[in-house]
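Novice: Dumping the structure here so I can ask a few things about it.
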Amino acid sequence: MRRTRLAIIGFGRLGRACAAALRDGHDLELAGVVMGTRGTAVLPHPFERVSVAAHVRELERVEVALVCVPAGQVLGIAREILQQRLPVIECAILEEGALEAHYTALGEAARHHHVAAVVGAGWDPGALPLLRRLFEVLIPRGRTEVGAHPGLSLHHTTAADGVPGVRAALACESRSSNGRPQRYLYVQLEHGAIAATVEAAIRADPHYAGEEILVFPVEDLAAFEAAGSGIVLERRGTGTAGGAGPHSSLLLEARFDLPTFAARIMLDAARRLPTLKPGAHPYSLWL
């Protein structure tokens with residue numbers, strides 16, 4: 001199978017996440033990384049053998065550029081790449097008015113140079129607005145709430161910290177679709193502790209009596225907290241058009257590494273580029 005060759009522009013958290021995601025792609029391959037100072041750049045393990053260049057022109061047979069630089073630099077760099085008639089994919093996070101102007105400028109540049117670009121191919125913009133729109137399609141009459149992360153419960157965290165076998169704990173609280181309290185408890189176990197035994201002890205603790213609880217062992221709680229992002233997306237219906245019937249509700253509660261999710265969206269956009277006409281196309285699942 002012929003693989004599409006991609007260049008990564010910038011090698012911060014997002015660039016590294018794209019490089020890592022490309023290691024698992026059978027239809028895509030990494031042509032190299034573009035950094036401002038090629039002579040002093042040394043990529044960390046496991047990317048030591050990846051080509052590093054000061055400009056995308058110096059890399060061999062690049063077919064798509066993933067722009068992974070700070071938002072304020074994306075437009076200038078993307079325009080320069082589009083001038084070489086090389087497709088670009090970006091996911092700049094900008095305020096609403098600035099984002100619209102950003103998309104307009106990229107669209108004009110892409111059409112002028114007869115090449116396609118995918119804009120907003122990340123988490124937000126990108127996947128999150130699509131999830132929110134889906135919730136609104138399924139529940140047309142209702143209210144949507146988006147939280148940055150599940151609410152933290154210090155009281156329940158402290159209770160879990162005291163359970164034998166638990167080295168550290170983090171309790172998050174939310175509500176299930178039926179409105180009942182729901183706990184997500186992340187625990188780092190002491191050496192030799194048995195996860196099932198610890199979970200049973202937590203469930204027997206009076207602080208968790210009568211509550212729905214999900215227990216997730218993690219290897220390093222500090223690293224987990226530092227790397228993870230969280231989201232709570234909830235849509236509550238206000239009833240049917242006739243005023244009768246059940247009040248539907250949808251709840252998405254997630255914790256993830258944001259650069260990893262954004263990188264996977266960018267690679268999905270790269271796979272869809274061959275079907276796109278010249279111009280800028282906002283990311284969607286049906287590109």
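Numbering starts fresh at 1 for the residues of each chain in the structure tokens, the chains themselves are lettered A, B, ... in the order given, and ligands are numbered from 1 as they appear.
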Using 9 Å as the limit and counting only C-alpha atoms, can you tabulate each residue of range 49-158 of chain A that touches range 246-268 of chain A, with its shortest atom-to-atom distance in Å and the two atoms involved, as a tab-separated table?
Specialist:
residue	atom	partner	partner_atom	distance
A:Leu66	CA	A:Met266	CA	7.3
A:Ile89	CA	A:Met266	CA	6.6
A:Glu90	CA	A:Met266	CA	7.4
A:Cys91	CA	A:Ala262	CA	7.8
A:Val118	CA	A:Met266	CA	8.6
A:Gly120	CA	A:Met266	CA	8.9
A:Ala121	CA	A:Met266	CA	5.3
A:Gly122	CA	A:Ala262	CA	4.1
A:Trp123	CA	A:Ala262	CA	5.1
A:Asp124	CA	A:Ala262	CA	8.4
A:Gly126	CA	A:Ile265	CA	7.6
A:Ala127	CA	A:Ile265	CA	7.5
A:Phe135	CA	A:Leu250	CA	7.0
A:Leu138	CA	A:Leu250	CA	8.9
A:Ile139	CA	A:Ser248	CA	7.0
A:Gly142	CA	A:Ser249	CA	8.7
A:His149	CA	A:Arg255	CA	7.7
A:Pro150	CA	A:Glu253	CA	7.2
Novice: Output N, CA and C atoms for every residue in the selection just made, as an mmCIF file, in the first residue's frame.
Specialist:
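Below you can see out_24.cif, which holds the result:
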data_model
loop_
_atom_site.group_PDB
_atom_site.id
_atom_site.type_symbol
_atom_site.label_atom_id
_atom_site.label_comp_id
_atom_site.auth_asym_id
_atom_site.auth_seq_id
_atom_site.Cartn_x
_atom_site.Cartn_y
_atom_site.Cartn_z
ATOM 1 N N LEU A 66 1.251 19.202 8.356
ATOM 2 C CA LEU A 66 0.491 19.373 9.594
ATOM 3 C C LEU A 66 1.089 20.566 10.338
ATOM 4 N N ILE A 89 -3.037 21.185 7.058
ATOM 5 C CA ILE A 89 -4.050 20.876 8.071
ATOM 6 C C ILE A 89 -3.658 21.620 9.332
ATOM 7 N N GLU A 90 -4.631 22.307 9.945
ATOM 8 C CA GLU A 90 -4.327 23.091 11.140
ATOM 9 C C GLU A 90 -5.477 22.994 12.135
ATOM 10 N N CYS A 91 -5.182 23.393 13.390
ATOM 11 C CA CYS A 91 -6.214 23.345 14.437
ATOM 12 C C CYS A 91 -6.034 24.502 15.414
ATOM 13 N N VAL A 118 -7.493 21.863 5.358
ATOM 14 C CA VAL A 118 -8.507 21.516 6.357
ATOM 15 C C VAL A 118 -8.221 22.355 7.597
ATOM 16 N N GLY A 120 -9.439 23.845 11.536
ATOM 17 C CA GLY A 120 -10.166 23.416 12.725
ATOM 18 C C GLY A 120 -10.159 21.916 12.930
ATOM 19 N N ALA A 121 -9.077 21.248 12.556
ATOM 20 C CA ALA A 121 -8.991 19.792 12.664
ATOM 21 C C ALA A 121 -8.323 19.408 13.977
ATOM 22 N N GLY A 122 -9.003 19.670 15.083
ATOM 23 C CA GLY A 122 -8.455 19.348 16.396
ATOM 24 C C GLY A 122 -9.574 18.930 17.335
ATOM 25 N N TRP A 123 -9.414 19.254 18.608
ATOM 26 C CA TRP A 123 -10.463 18.933 19.582
ATOM 27 C C TRP A 123 -11.518 20.035 19.625
ATOM 28 N N ASP A 124 -11.073 21.285 19.860
ATOM 29 C CA ASP A 124 -11.991 22.429 19.853
ATOM 30 C C ASP A 124 -11.230 23.664 19.391
ATOM 31 N N GLY A 126 -13.026 21.487 16.193
ATOM 32 C CA GLY A 126 -12.835 20.148 15.671
ATOM 33 C C GLY A 126 -13.894 19.199 16.187
ATOM 34 N N ALA A 127 -13.496 18.238 17.017
ATOM 35 C CA ALA A 127 -14.385 17.163 17.433
ATOM 36 C C ALA A 127 -15.479 17.628 18.388
ATOM 37 N N PHE A 135 -25.585 16.122 19.837
ATOM 38 C CA PHE A 135 -26.486 16.137 20.985
ATOM 39 C C PHE A 135 -27.713 16.998 20.693
ATOM 40 N N LEU A 138 -30.133 15.200 18.315
ATOM 41 C CA LEU A 138 -30.878 14.137 18.981
ATOM 42 C C LEU A 138 -31.912 14.685 19.963
ATOM 43 N N ILE A 139 -31.590 15.841 20.586
ATOM 44 C CA ILE A 139 -32.529 16.478 21.517
ATOM 45 C C ILE A 139 -32.717 17.928 21.061
ATOM 46 N N GLY A 142 -33.985 21.772 24.228
ATOM 47 C CA GLY A 142 -33.302 21.522 25.486
ATOM 48 C C GLY A 142 -32.203 22.524 25.762
ATOM 49 N N HIS A 149 -14.121 20.063 33.081
ATOM 50 C CA HIS A 149 -13.707 18.777 33.638
ATOM 51 C C HIS A 149 -14.738 18.337 34.649
ATOM 52 N N PRO A 150 -14.763 17.045 34.990
ATOM 53 C CA PRO A 150 -15.644 16.599 36.056
ATOM 54 C C PRO A 150 -15.303 17.313 37.354
#
Novice: Hey, what does DSSP flag as alpha helix (DSSP H) within range 7-245 of chain A? Can you give it to me as a PyMOL selection string?
Specialist: chain A and resi 13-22+71-83+96-112+127-138+154-161+195-204+221-227
Novice: A:Ala71, A:Val198, A:Val119, A:Leu233: which is nearest Arg143 in chain A, counting only C-alpha atoms?
Specialist: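 Answer, going by the shortest atom-to-atom distance: A:Leu233.
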Novice: What are the DSSP strand (DSSP E or B) residues of range 82-250 of chain A, as a VMD selection string?
Specialist: chain A and resid 88 to 89 116 to 119 122 126 142 to 147 151 to 152 166 to 175 181 to 189 212 to 217 229 to 237 249 to 250
Novice: Return the single residue from A:Val232, A:Leu99, A:Ala78, A:Leu22 that is closest to Thr144 in chain A, with distances computed using only C-alpha atoms.
Specialist: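 Checking each of A:Val232, A:Leu99, A:Ala78, A:Leu22 against Thr144 in chain A, counting only C-alpha atoms, the winner is A:Val232.
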Novice: Neighbours of Arg203 in chain A within 12 Å (only C-alpha atoms; same-chain residues fewer than 5 positions away dropped), as a ChimeraX atom specification?
Specialist: /A:156,159-160,163,183,185,196-198,208-215
Novice: Restricting the calculation to only C-alpha atoms, which member of A:Leu276, A:Val166, A:Leu131, A:Ala269 is positioned closest to Ile231 in chain A?
Specialist: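 The closest residue to Ile231 in chain A is A:Leu131.
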